[in-house]
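See below for query38.pdb, which holds PDB, C-alpha atoms and all ligand atoms.
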```pdb
MODEL        1
ATOM      1  CA  MET A  25      17.430  -8.589  10.750  1.00  0.00           C
ATOM      2  CA  THR A  26      17.405  -6.318  13.798  1.00  0.00           C
ATOM      3  CA  LYS A  27      13.925  -6.022  15.313  1.00  0.00           C
ATOM      4  CA  ILE A  28      12.726  -2.536  16.155  1.00  0.00           C
ATOM      5  CA  VAL A  29      11.403  -2.004  19.693  1.00  0.00           C
ATOM      6  CA  SER A  30       9.633   1.337  19.859  1.00  0.00           C
ATOM      7  CA  HIS A  31      10.147   2.908  23.293  1.00  0.00           C
ATOM      8  CA  ARG A  32       6.713   4.001  24.624  1.00  0.00           C
ATOM      9  CA  GLY A  33       5.529   3.790  21.001  1.00  0.00           C
ATOM     10  CA  ALA A  34       6.491   6.482  18.499  1.00  0.00           C
ATOM     11  CA  ASN A  35       6.843   8.862  21.431  1.00  0.00           C
ATOM     12  CA  THR A  36       8.367  11.807  19.575  1.00  0.00           C
ATOM     13  CA  ARG A  37       5.437  11.992  17.118  1.00  0.00           C
ATOM     14  CA  ALA A  38       2.497  10.958  19.327  1.00  0.00           C
ATOM     15  CA  PRO A  39       1.792  10.975  23.077  1.00  0.00           C
ATOM     16  CA  GLU A  40       3.845   8.206  24.685  1.00  0.00           C
ATOM     17  CA  ASN A  41       2.220   4.981  25.833  1.00  0.00           C
ATOM     18  CA  THR A  42      -1.064   5.639  23.990  1.00  0.00           C
ATOM     19  CA  PHE A  43      -2.866   3.663  21.301  1.00  0.00           C
ATOM     20  CA  ALA A  44      -1.925   6.402  18.838  1.00  0.00           C
ATOM     21  CA  ALA A  45       1.777   6.093  19.685  1.00  0.00           C
ATOM     22  CA  ALA A  46       1.667   2.316  19.269  1.00  0.00           C
ATOM     23  CA  ASP A  47      -0.221   2.499  15.968  1.00  0.00           C
ATOM     24  CA  LEU A  48       2.150   5.081  14.533  1.00  0.00           C
ATOM     25  CA  ALA A  49       5.196   3.043  15.587  1.00  0.00           C
ATOM     26  CA  LEU A  50       3.786  -0.002  13.794  1.00  0.00           C
ATOM     27  CA  GLU A  51       3.058   2.076  10.673  1.00  0.00           C
ATOM     28  CA  GLN A  52       6.680   3.231  10.807  1.00  0.00           C
ATOM     29  CA  GLY A  53       8.030  -0.306  10.902  1.00  0.00           C
ATOM     30  CA  ALA A  54       8.281  -1.252  14.585  1.00  0.00           C
ATOM     31  CA  ASP A  55       8.254  -4.955  15.418  1.00  0.00           C
ATOM     32  CA  TYR A  56       7.807  -4.533  19.193  1.00  0.00           C
ATOM     33  CA  ILE A  57       6.204  -1.879  21.387  1.00  0.00           C
ATOM     34  CA  GLU A  58       7.808  -1.035  24.735  1.00  0.00           C
ATOM     35  CA  LEU A  59       5.395  -0.016  27.502  1.00  0.00           C
ATOM     36  CA  ASP A  60       5.409   0.811  31.225  1.00  0.00           C
ATOM     37  CA  VAL A  61       2.959  -0.665  33.744  1.00  0.00           C
ATOM     38  CA  ARG A  62       1.525   0.904  36.892  1.00  0.00           C
ATOM     39  CA  GLU A  63      -1.451  -0.039  39.028  1.00  0.00           C
ATOM     40  CA  SER A  64      -4.355   2.102  40.239  1.00  0.00           C
ATOM     41  CA  ALA A  65      -5.523   2.241  43.869  1.00  0.00           C
ATOM     42  CA  ASP A  66      -8.191  -0.342  43.068  1.00  0.00           C
ATOM     43  CA  GLY A  67      -5.785  -2.709  41.353  1.00  0.00           C
ATOM     44  CA  VAL A  68      -6.278  -2.021  37.637  1.00  0.00           C
ATOM     45  CA  LEU A  69      -3.161  -2.165  35.441  1.00  0.00           C
ATOM     46  CA  TYR A  70      -2.438   0.886  33.249  1.00  0.00           C
ATOM     47  CA  VAL A  71       0.130   1.784  30.612  1.00  0.00           C
ATOM     48  CA  ILE A  72       1.827   4.918  31.927  1.00  0.00           C
ATOM     49  CA  HIS A  73       5.436   5.811  32.595  1.00  0.00           C
ATOM     50  CA  ASP A  74       5.583   8.314  35.448  1.00  0.00           C
ATOM     51  CA  GLU A  75       4.696   7.702  39.071  1.00  0.00           C
ATOM     52  CA  THR A  76       2.302  10.658  38.845  1.00  0.00           C
ATOM     53  CA  LEU A  77      -0.313  11.635  36.283  1.00  0.00           C
ATOM     54  CA  ASP A  78       0.902  15.207  35.956  1.00  0.00           C
ATOM     55  CA  ARG A  79       3.238  15.160  32.945  1.00  0.00           C
ATOM     56  CA  THR A  80       1.294  12.969  30.515  1.00  0.00           C
ATOM     57  CA  THR A  81      -2.363  13.518  31.455  1.00  0.00           C
ATOM     58  CA  ASN A  82      -4.694  16.286  32.587  1.00  0.00           C
ATOM     59  CA  GLY A  83      -4.810  14.710  36.053  1.00  0.00           C
ATOM     60  CA  THR A  84      -2.568  15.206  39.059  1.00  0.00           C
ATOM     61  CA  GLY A  85      -1.105  13.054  41.788  1.00  0.00           C
ATOM     62  CA  PRO A  86       0.222   9.510  42.031  1.00  0.00           C
ATOM     63  CA  VAL A  87      -1.276   6.880  39.703  1.00  0.00           C
ATOM     64  CA  GLY A  88      -1.379   4.491  42.646  1.00  0.00           C
ATOM     65  CA  HIS A  89      -3.646   6.823  44.643  1.00  0.00           C
ATOM     66  CA  MET A  90      -6.289   7.117  41.925  1.00  0.00           C
ATOM     67  CA  LEU A  91      -9.255   4.876  41.247  1.00  0.00           C
ATOM     68  CA  SER A  92      -9.638   3.321  37.813  1.00  0.00           C
ATOM     69  CA  SER A  93     -12.929   5.198  37.403  1.00  0.00           C
ATOM     70  CA  GLU A  94     -10.935   8.440  37.745  1.00  0.00           C
ATOM     71  CA  ILE A  95      -8.027   7.404  35.504  1.00  0.00           C
ATOM     72  CA  ASP A  96     -10.425   6.252  32.771  1.00  0.00           C
ATOM     73  CA  MET A  97     -11.800   9.819  32.559  1.00  0.00           C
ATOM     74  CA  LEU A  98      -8.410  11.449  31.960  1.00  0.00           C
ATOM     75  CA  ASP A  99      -7.031  12.833  28.727  1.00  0.00           C
ATOM     76  CA  ALA A 100      -3.565  11.494  27.862  1.00  0.00           C
ATOM     77  CA  GLY A 101      -3.142  13.219  24.518  1.00  0.00           C
ATOM     78  CA  GLU A 102      -3.842  16.936  24.636  1.00  0.00           C
ATOM     79  CA  TRP A 103      -0.643  17.712  26.617  1.00  0.00           C
ATOM     80  CA  PHE A 104       1.281  16.525  23.554  1.00  0.00           C
ATOM     81  CA  HIS A 105      -0.808  18.177  20.844  1.00  0.00           C
ATOM     82  CA  GLU A 106      -4.452  19.202  20.554  1.00  0.00           C
ATOM     83  CA  LYS A 107      -4.969  16.743  17.688  1.00  0.00           C
ATOM     84  CA  PHE A 108      -4.547  13.917  20.209  1.00  0.00           C
ATOM     85  CA  LYS A 109      -7.233  15.270  22.549  1.00  0.00           C
ATOM     86  CA  GLY A 110      -9.392  12.393  23.736  1.00  0.00           C
ATOM     87  CA  ALA A 111      -6.588   9.824  23.980  1.00  0.00           C
ATOM     88  CA  VAL A 112      -7.031   7.650  27.066  1.00  0.00           C
ATOM     89  CA  VAL A 113      -4.552   6.213  29.529  1.00  0.00           C
ATOM     90  CA  PRO A 114      -4.691   2.660  28.177  1.00  0.00           C
ATOM     91  CA  ARG A 115      -5.645  -0.182  30.450  1.00  0.00           C
ATOM     92  CA  LEU A 116      -2.987  -2.865  30.018  1.00  0.00           C
ATOM     93  CA  ASP A 117      -5.498  -5.542  29.021  1.00  0.00           C
ATOM     94  CA  ALA A 118      -6.932  -3.392  26.217  1.00  0.00           C
ATOM     95  CA  TYR A 119      -3.475  -2.317  25.050  1.00  0.00           C
ATOM     96  CA  LEU A 120      -2.203  -5.899  24.839  1.00  0.00           C
ATOM     97  CA  GLU A 121      -5.343  -7.017  23.006  1.00  0.00           C
ATOM     98  CA  HIS A 122      -4.811  -4.147  20.583  1.00  0.00           C
ATOM     99  CA  LEU A 123      -1.247  -5.318  19.893  1.00  0.00           C
ATOM    100  CA  ARG A 124      -1.900  -9.046  19.870  1.00  0.00           C
ATOM    101  CA  HIS A 125      -1.098 -10.648  16.479  1.00  0.00           C
ATOM    102  CA  ARG A 126       0.318  -7.296  15.302  1.00  0.00           C
ATOM    103  CA  ALA A 127       3.502  -6.801  17.338  1.00  0.00           C
ATOM    104  CA  GLY A 128       5.733  -8.134  20.034  1.00  0.00           C
ATOM    105  CA  VAL A 129       5.662  -6.336  23.380  1.00  0.00           C
ATOM    106  CA  TYR A 130       8.399  -5.336  25.804  1.00  0.00           C
ATOM    107  CA  ILE A 131       6.715  -4.913  29.180  1.00  0.00           C
ATOM    108  CA  GLU A 132       8.508  -2.816  31.779  1.00  0.00           C
ATOM    109  CA  LEU A 133       7.091  -3.306  35.267  1.00  0.00           C
ATOM    110  CA  LYS A 134       7.258   0.089  36.954  1.00  0.00           C
ATOM    111  CA  HIS A 135       5.016  -0.444  39.976  1.00  0.00           C
ATOM    112  CA  CYS A 136       2.418  -3.203  39.921  1.00  0.00           C
ATOM    113  CA  ASP A 137       1.677  -6.742  41.006  1.00  0.00           C
ATOM    114  CA  PRO A 138       3.686  -8.933  38.575  1.00  0.00           C
ATOM    115  CA  ALA A 139       1.261 -11.820  39.134  1.00  0.00           C
ATOM    116  CA  LYS A 140      -1.547  -9.805  37.513  1.00  0.00           C
ATOM    117  CA  VAL A 141       0.597  -9.079  34.457  1.00  0.00           C
ATOM    118  CA  VAL A 142       1.600 -12.722  34.157  1.00  0.00           C
ATOM    119  CA  ALA A 143      -2.012 -13.912  34.389  1.00  0.00           C
ATOM    120  CA  LEU A 144      -3.103 -11.435  31.733  1.00  0.00           C
ATOM    121  CA  VAL A 145      -0.335 -12.351  29.299  1.00  0.00           C
ATOM    122  CA  ARG A 146      -1.040 -16.053  29.758  1.00  0.00           C
ATOM    123  CA  ASP A 147      -4.792 -15.536  29.274  1.00  0.00           C
ATOM    124  CA  LEU A 148      -4.152 -13.639  26.055  1.00  0.00           C
ATOM    125  CA  GLY A 149      -1.749 -16.311  24.790  1.00  0.00           C
ATOM    126  CA  MET A 150       1.037 -13.762  24.390  1.00  0.00           C
ATOM    127  CA  VAL A 151       3.850 -15.410  26.367  1.00  0.00           C
ATOM    128  CA  ARG A 152       6.070 -15.967  23.351  1.00  0.00           C
ATOM    129  CA  ASP A 153       5.462 -12.468  21.986  1.00  0.00           C
ATOM    130  CA  THR A 154       6.575 -10.637  25.132  1.00  0.00           C
ATOM    131  CA  PHE A 155       9.684  -9.964  27.167  1.00  0.00           C
ATOM    132  CA  TYR A 156      10.123  -8.220  30.513  1.00  0.00           C
ATOM    133  CA  PHE A 157      12.302  -5.912  32.522  1.00  0.00           C
ATOM    134  CA  SER A 158      12.057  -3.943  35.740  1.00  0.00           C
ATOM    135  CA  PHE A 159      14.436  -1.571  37.472  1.00  0.00           C
ATOM    136  CA  SER A 160      12.906  -2.938  40.697  1.00  0.00           C
ATOM    137  CA  GLU A 161      14.876  -5.908  42.029  1.00  0.00           C
ATOM    138  CA  GLU A 162      11.823  -6.972  44.035  1.00  0.00           C
ATOM    139  CA  MET A 163       9.593  -7.081  40.963  1.00  0.00           C
ATOM    140  CA  ARG A 164      12.237  -8.947  38.936  1.00  0.00           C
ATOM    141  CA  PHE A 165      12.489 -11.496  41.738  1.00  0.00           C
ATOM    142  CA  GLN A 166       8.710 -11.935  41.932  1.00  0.00           C
ATOM    143  CA  LEU A 167       8.415 -12.262  38.165  1.00  0.00           C
ATOM    144  CA  GLN A 168      11.057 -14.998  38.064  1.00  0.00           C
ATOM    145  CA  GLN A 169       9.307 -16.894  40.868  1.00  0.00           C
ATOM    146  CA  ILE A 170       5.901 -16.699  39.193  1.00  0.00           C
ATOM    147  CA  ALA A 171       6.892 -17.012  35.553  1.00  0.00           C
ATOM    148  CA  PRO A 172      10.290 -18.645  35.084  1.00  0.00           C
ATOM    149  CA  GLU A 173       9.430 -19.410  31.460  1.00  0.00           C
ATOM    150  CA  PHE A 174       8.853 -15.765  30.482  1.00  0.00           C
ATOM    151  CA  ARG A 175      11.579 -14.083  28.416  1.00  0.00           C
ATOM    152  CA  LYS A 176      13.420 -11.440  30.412  1.00  0.00           C
ATOM    153  CA  MET A 177      15.793  -8.618  29.593  1.00  0.00           C
ATOM    154  CA  MET A 178      18.585  -7.272  31.793  1.00  0.00           C
ATOM    155  CA  THR A 179      20.750  -4.227  31.233  1.00  0.00           C
ATOM    156  CA  LEU A 180      24.524  -4.574  31.207  1.00  0.00           C
ATOM    157  CA  ASN A 181      24.676  -1.504  33.431  1.00  0.00           C
ATOM    158  CA  ILE A 182      22.830  -3.368  36.194  1.00  0.00           C
ATOM    159  CA  ALA A 183      24.261  -6.844  35.591  1.00  0.00           C
ATOM    160  CA  LYS A 184      27.831  -5.513  35.215  1.00  0.00           C
ATOM    161  CA  SER A 185      28.899  -8.556  33.199  1.00  0.00           C
ATOM    162  CA  PRO A 186      27.213 -10.467  30.337  1.00  0.00           C
ATOM    163  CA  SER A 187      27.968 -13.735  32.106  1.00  0.00           C
ATOM    164  CA  LEU A 188      25.760 -12.677  35.032  1.00  0.00           C
ATOM    165  CA  VAL A 189      22.723 -11.761  32.900  1.00  0.00           C
ATOM    166  CA  GLY A 190      21.522 -15.337  32.631  1.00  0.00           C
ATOM    167  CA  ALA A 191      23.238 -16.862  35.646  1.00  0.00           C
ATOM    168  CA  VAL A 192      22.070 -14.314  38.208  1.00  0.00           C
ATOM    169  CA  HIS A 193      19.229 -12.391  36.573  1.00  0.00           C
ATOM    170  CA  HIS A 194      17.550 -15.222  34.617  1.00  0.00           C
ATOM    171  CA  ALA A 195      17.453 -13.093  31.477  1.00  0.00           C
ATOM    172  CA  SER A 196      18.018 -14.134  27.871  1.00  0.00           C
ATOM    173  CA  ILE A 197      18.330 -10.624  26.411  1.00  0.00           C
ATOM    174  CA  ILE A 198      21.022  -8.107  27.348  1.00  0.00           C
ATOM    175  CA  GLU A 199      20.501  -4.382  26.812  1.00  0.00           C
ATOM    176  CA  ILE A 200      23.597  -2.350  25.968  1.00  0.00           C
ATOM    177  CA  THR A 201      24.334   1.201  24.840  1.00  0.00           C
ATOM    178  CA  PRO A 202      25.801   2.140  21.455  1.00  0.00           C
ATOM    179  CA  GLU A 203      29.104   2.828  23.242  1.00  0.00           C
ATOM    180  CA  GLN A 204      29.074  -0.691  24.702  1.00  0.00           C
ATOM    181  CA  MET A 205      28.142  -2.102  21.279  1.00  0.00           C
ATOM    182  CA  ARG A 206      31.357  -0.576  19.904  1.00  0.00           C
ATOM    183  CA  ARG A 207      33.423  -2.733  22.258  1.00  0.00           C
ATOM    184  CA  PRO A 208      33.827  -6.151  20.572  1.00  0.00           C
ATOM    185  CA  ALA A 209      34.630  -7.836  23.895  1.00  0.00           C
ATOM    186  CA  ILE A 210      31.159  -6.985  25.223  1.00  0.00           C
ATOM    187  CA  VAL A 211      29.369  -8.212  22.107  1.00  0.00           C
ATOM    188  CA  GLU A 212      31.464 -11.394  21.996  1.00  0.00           C
ATOM    189  CA  ALA A 213      30.927 -12.123  25.700  1.00  0.00           C
ATOM    190  CA  SER A 214      27.180 -11.629  25.271  1.00  0.00           C
ATOM    191  CA  ARG A 215      27.087 -14.034  22.344  1.00  0.00           C
ATOM    192  CA  MET A 216      29.256 -16.547  24.220  1.00  0.00           C
ATOM    193  CA  ALA A 217      26.757 -16.365  27.089  1.00  0.00           C
ATOM    194  CA  GLY A 218      23.974 -17.268  24.632  1.00  0.00           C
ATOM    195  CA  LEU A 219      22.222 -13.918  24.969  1.00  0.00           C
ATOM    196  CA  GLU A 220      20.231 -11.944  22.464  1.00  0.00           C
ATOM    197  CA  ILE A 221      21.481  -8.362  22.257  1.00  0.00           C
ATOM    198  CA  MET A 222      19.343  -5.210  22.370  1.00  0.00           C
ATOM    199  CA  VAL A 223      20.877  -1.765  21.870  1.00  0.00           C
ATOM    200  CA  TYR A 224      19.114   1.155  23.573  1.00  0.00           C
ATOM    201  CA  TYR A 225      19.447   4.407  21.635  1.00  0.00           C
ATOM    202  CA  GLY A 226      17.232   7.413  22.307  1.00  0.00           C
ATOM    203  CA  GLY A 227      18.742   9.784  19.767  1.00  0.00           C
ATOM    204  CA  ASP A 228      18.014  10.754  16.188  1.00  0.00           C
ATOM    205  CA  ASP A 229      21.505  10.710  14.675  1.00  0.00           C
ATOM    206  CA  MET A 230      21.077   8.818  11.402  1.00  0.00           C
ATOM    207  CA  ASP A 231      24.735   7.730  11.434  1.00  0.00           C
ATOM    208  CA  VAL A 232      24.152   5.950  14.750  1.00  0.00           C
ATOM    209  CA  HIS A 233      20.980   4.321  13.424  1.00  0.00           C
ATOM    210  CA  ARG A 234      22.954   3.069  10.411  1.00  0.00           C
ATOM    211  CA  GLU A 235      25.768   1.854  12.653  1.00  0.00           C
ATOM    212  CA  ILE A 236      23.388  -0.149  14.859  1.00  0.00           C
ATOM    213  CA  ALA A 237      21.605  -1.595  11.821  1.00  0.00           C
ATOM    214  CA  ALA A 238      24.939  -2.689  10.338  1.00  0.00           C
ATOM    215  CA  ALA A 239      26.034  -4.290  13.631  1.00  0.00           C
ATOM    216  CA  GLY A 240      23.351  -6.942  13.257  1.00  0.00           C
ATOM    217  CA  VAL A 241      22.186  -7.029  16.875  1.00  0.00           C
ATOM    218  CA  ASP A 242      18.891  -8.750  17.639  1.00  0.00           C
ATOM    219  CA  TYR A 243      16.869  -5.735  18.848  1.00  0.00           C
ATOM    220  CA  VAL A 244      17.127  -1.970  19.000  1.00  0.00           C
ATOM    221  CA  ASN A 245      15.070  -0.074  21.592  1.00  0.00           C
ATOM    222  CA  LEU A 246      14.543   3.480  20.372  1.00  0.00           C
ATOM    223  CA  ASP A 247      12.391   6.591  20.061  1.00  0.00           C
ATOM    224  CA  ARG A 248      12.541   6.917  16.246  1.00  0.00           C
ATOM    225  CA  PRO A 249      11.340   3.714  14.564  1.00  0.00           C
ATOM    226  CA  ASP A 250      11.018   5.639  11.307  1.00  0.00           C
ATOM    227  CA  LEU A 251      14.736   6.445  11.186  1.00  0.00           C
ATOM    228  CA  PHE A 252      15.877   2.960  12.084  1.00  0.00           C
ATOM    229  CA  ALA A 253      13.454   1.372   9.605  1.00  0.00           C
ATOM    230  CA  ALA A 254      15.029   3.517   6.867  1.00  0.00           C
ATOM    231  CA  ALA A 255      18.534   2.519   7.970  1.00  0.00           C
ATOM    232  CA  ARG A 256      17.520  -1.137   8.013  1.00  0.00           C
ATOM    233  CA  ARG A 257      15.966  -0.942   4.555  1.00  0.00           C
ATOM    234  CA  ALA A 258      19.149   0.588   3.158  1.00  0.00           C
ATOM    235  CA  LEU A 259      21.416  -2.266   4.286  1.00  0.00           C
TER     236      LEU A 259
HETATM  237  O1  LIG A 301      15.022  -0.732  28.305  1.00  0.00           O
HETATM  238  C1  LIG A 301      15.034   0.383  29.160  1.00  0.00           C
HETATM  239  C2  LIG A 301      13.863   1.260  28.879  1.00  0.00           C
HETATM  240  O2  LIG A 301      12.667   0.539  28.911  1.00  0.00           O
HETATM  241  C3  LIG A 301      13.860   2.382  29.828  1.00  0.00           C
HETATM  242  O3  LIG A 301      12.653   2.985  29.744  1.00  0.00           O
HETATM  243  O4  LIG A 301      11.026   3.825  31.275  1.00  0.00           O
HETATM  244  O5  LIG A 301      13.403   4.437  31.655  1.00  0.00           O
HETATM  245  O6  LIG A 301      12.180   5.342  29.691  1.00  0.00           O
HETATM  246  P1  LIG A 301      12.293   4.238  30.661  1.00  0.00           P
HETATM  247 CA    CA A 302      10.218   1.948  29.992  1.00  0.00          CA
ENDMDL
END
```
Re-express the file's structure as structure tokens.
Amino acid sequence: MTKIVSHRGANTRAPENTFAAADLALEQGADYIELDVRESADGVLYVIHDETLDRTTNGTGPVGHMLSSEIDMLDAGEWFHEKFKGAVVPRLDAYLEHLRHRAGVYIELKHCDPAKVVALVRDLGMVRDTFYFSFSEEMRFQLQQIAPEFRKMMTLNIAKSPSLVGAVHHASIIEITPEQMRRPAIVEASRMAGLEIMVYYGGDDMDVHREIAAAGVDYVNLDRPDLFAAARRAL
């Protein structure tokens, strides 16, 4: 059965990358929570997508220029809806502890020291429950050096060919689009290369959710866990 990876939590119904978004995604049937990691000026890891605080908190400026004591005071919920007022920017350690034994986690390294993430995941005993990706070649390289045993994802758009996902990028999961999923040669080549397949779909078209569910891929990374869970139940 295709596992649901909820992109930044249930981000269309709750403020992204917050405890509330993760909890709602799990209530809606998610199996994994996707999250983004950045580091404060004093080296604390946070779950936040953007380089700056402006869009998703009541703060301003780059996350990496702020002290943890300042970030901890911010509100990360009211921008989305007043009922989420009081939501914090989660520290990564607290967020992972919150999810431990409840969900798998897809950790995207935006801008941080990969060694700190690796140490945290090992300390929490969550190695088998997590997988990793970064758009940063430097961070992917560092992660592979430090943690060769960690599960890693690579997008077909970056790798260019399924055969290079493992051989060059040391990943065991390939991320493809619905359009790529519709091309049997891509799916077959991914399977031949021994990869797990994850489809990334940010839309809310129920026909596409049903199509992905019927395709039987390993993971779907999406913004609407509720819709995919319904499609999966109806199979
Ligand atoms: O798998 C790709 C996904 O994590 C991209 O996320 O941070 O670009 O919204 P983002
Ligand atoms: Ca992400």
Applied to the shown file, which residues does the PyMOL selection byres (((chain A and resi 159) around 10) and not hetatm) return, written as a PyMOL selection string?
chain A and resi 132-135+157-158+160-164+178-179+182
Taking the file above as input, evaluate the PyMOL selection byres (((chain A and resi 244) around 6) and not hetatm) and report the hits as a list in words.
Ile28, Val29, Met222, Val223, Tyr224, Tyr243 and Asn245 of chain A
Expand the PyMOL selection byres (((chain A and resi 84) around 12) and not hetatm) into the individual residues it matches in the shown file, reporting them as an MDAnalysis selection string.
chainID A and resid 74:83 85:90 94:95 98:100
When you look at Thr201 of chain A with a cut-off of 8 Å (counting all atoms listed in the file), what residues show up, excluding the ones that are within fewer than 2 positions of it in the same chain? I need them as a ChimeraX atom specification.
/A:199,203-205,223-225
Ligand CA 302 (chain A) proximity check over A:Ala213, A:Ala255, A:Ile131, A:Leu120, using all atoms listed in the file: winner is A:Ile131
Using only C-alpha atoms: which of A:Tyr70, A:Tyr130, A:Tyr56, A:Phe252 has the shortest distance to Ala118 of chain A
A:Tyr70
Kindly compile the residues surrounding ligand CA 302 (chain A) within 7 Å, counting all atoms listed in the file, and format them as a short mmCIF file (atom, residue, chain, number, x, y, z; two decimals) with C-alpha atoms, keeping the file's coordinate frame.
```cif
data_model
loop_
_atom_site.label_atom_id
_atom_site.label_comp_id
_atom_site.auth_asym_id
_atom_site.auth_seq_id
_atom_site.Cartn_x
_atom_site.Cartn_y
_atom_site.Cartn_z
CA HIS A 31 10.15 2.91 23.29
CA ARG A 32 6.71 4.00 24.62
CA GLU A 58 7.81 -1.03 24.74
CA LEU A 59 5.40 -0.02 27.50
CA ASP A 60 5.41 0.81 31.22
CA HIS A 73 5.44 5.81 32.60
CA GLU A 132 8.51 -2.82 31.78
#
```
Nearby residues (only C-alpha atoms) at most 9 Å from Leu50 of chain A, same-chain spacing under 4 positions excluded, as an MDAnalysis selection string
chainID A and resid 30 33:34 45:46 54:57 126:127 249
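You will find atom CA of Ala139 of chain A at 16.1 Å from atom CA of Val71 of chain A.
Here atom CA of Arg175 of chain A is placed at a distance of 4.7 Å from atom CA of Phe155 of chain A.
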Counting only C-alpha atoms and all ligand atoms, which of A:Ala209, A:Ala191, A:Ile198, A:Leu167 gets nearest to ligand LIG 301 (chain A)?
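Closest candidate: A:Ile198.
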A:Ile72, A:Met216, A:Ile210, A:Ile236: which is nearest Val112 of chain A, counting all atoms listed in the file?
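Closest to Val112 of chain A, using all atoms listed in the file: A:Ile72.
Checking A:His193, A:Arg62, A:Arg256, A:Arg115 one by one against ligand LIG 301 (chain A), counting all atoms listed in the file, you find the shortest gap at A:Arg62.
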Separation of atom CA of Asp147 of chain A and atom CA of Gly67 of chain A, in Å?
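Taking atom CA of Asp147 of chain A as the start and atom CA of Gly67 of chain A as the end point, the length is 17.6 Å.
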Which neighbours of Val192 of chain A fall inside 10 Å, counting only C-alpha atoms, when residues of the same chain fewer than 4 positions from it are skipped, and could you give them as a PyMOL selection string?
chain A and resi 183+187-188
Selected residue, from A:Ala44, A:Leu123, A:Leu144, A:Leu91, that lies nearest to Lys109 of chain A when counting only C-alpha atoms:
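Under the stated criterion, the closest residue is A:Ala44.
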Contacts of His122 of chain A at 10 Å (all atoms listed in the file; same-chain gap of 6+ positions) as a ChimeraX atom specification:
/A:43,46-47,116
Which residues come within 9 Å of Leu219 of chain A, counting only C-alpha atoms, excluding same-chain residues fewer than 4 positions away, as an mmCIF file with C-alpha atoms, keeping the file's coordinate frame?
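Dumped everything to selection.cif:
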```
data_model
loop_
_atom_site.group_PDB
_atom_site.id
_atom_site.type_symbol
_atom_site.label_atom_id
_atom_site.label_comp_id
_atom_site.auth_asym_id
_atom_site.auth_seq_id
_atom_site.Cartn_x
_atom_site.Cartn_y
_atom_site.Cartn_z
ATOM 1 C CA PRO A 186 27.213 -10.467 30.337
ATOM 2 C CA VAL A 189 22.723 -11.761 32.900
ATOM 3 C CA GLY A 190 21.522 -15.337 32.631
ATOM 4 C CA ALA A 195 17.453 -13.093 31.477
ATOM 5 C CA SER A 196 18.018 -14.134 27.871
ATOM 6 C CA ILE A 197 18.330 -10.624 26.411
ATOM 7 C CA ILE A 198 21.022 -8.107 27.348
ATOM 8 C CA ALA A 213 30.927 -12.123 25.700
ATOM 9 C CA SER A 214 27.180 -11.629 25.271
ATOM 10 C CA ARG A 215 27.087 -14.034 22.344
#
```
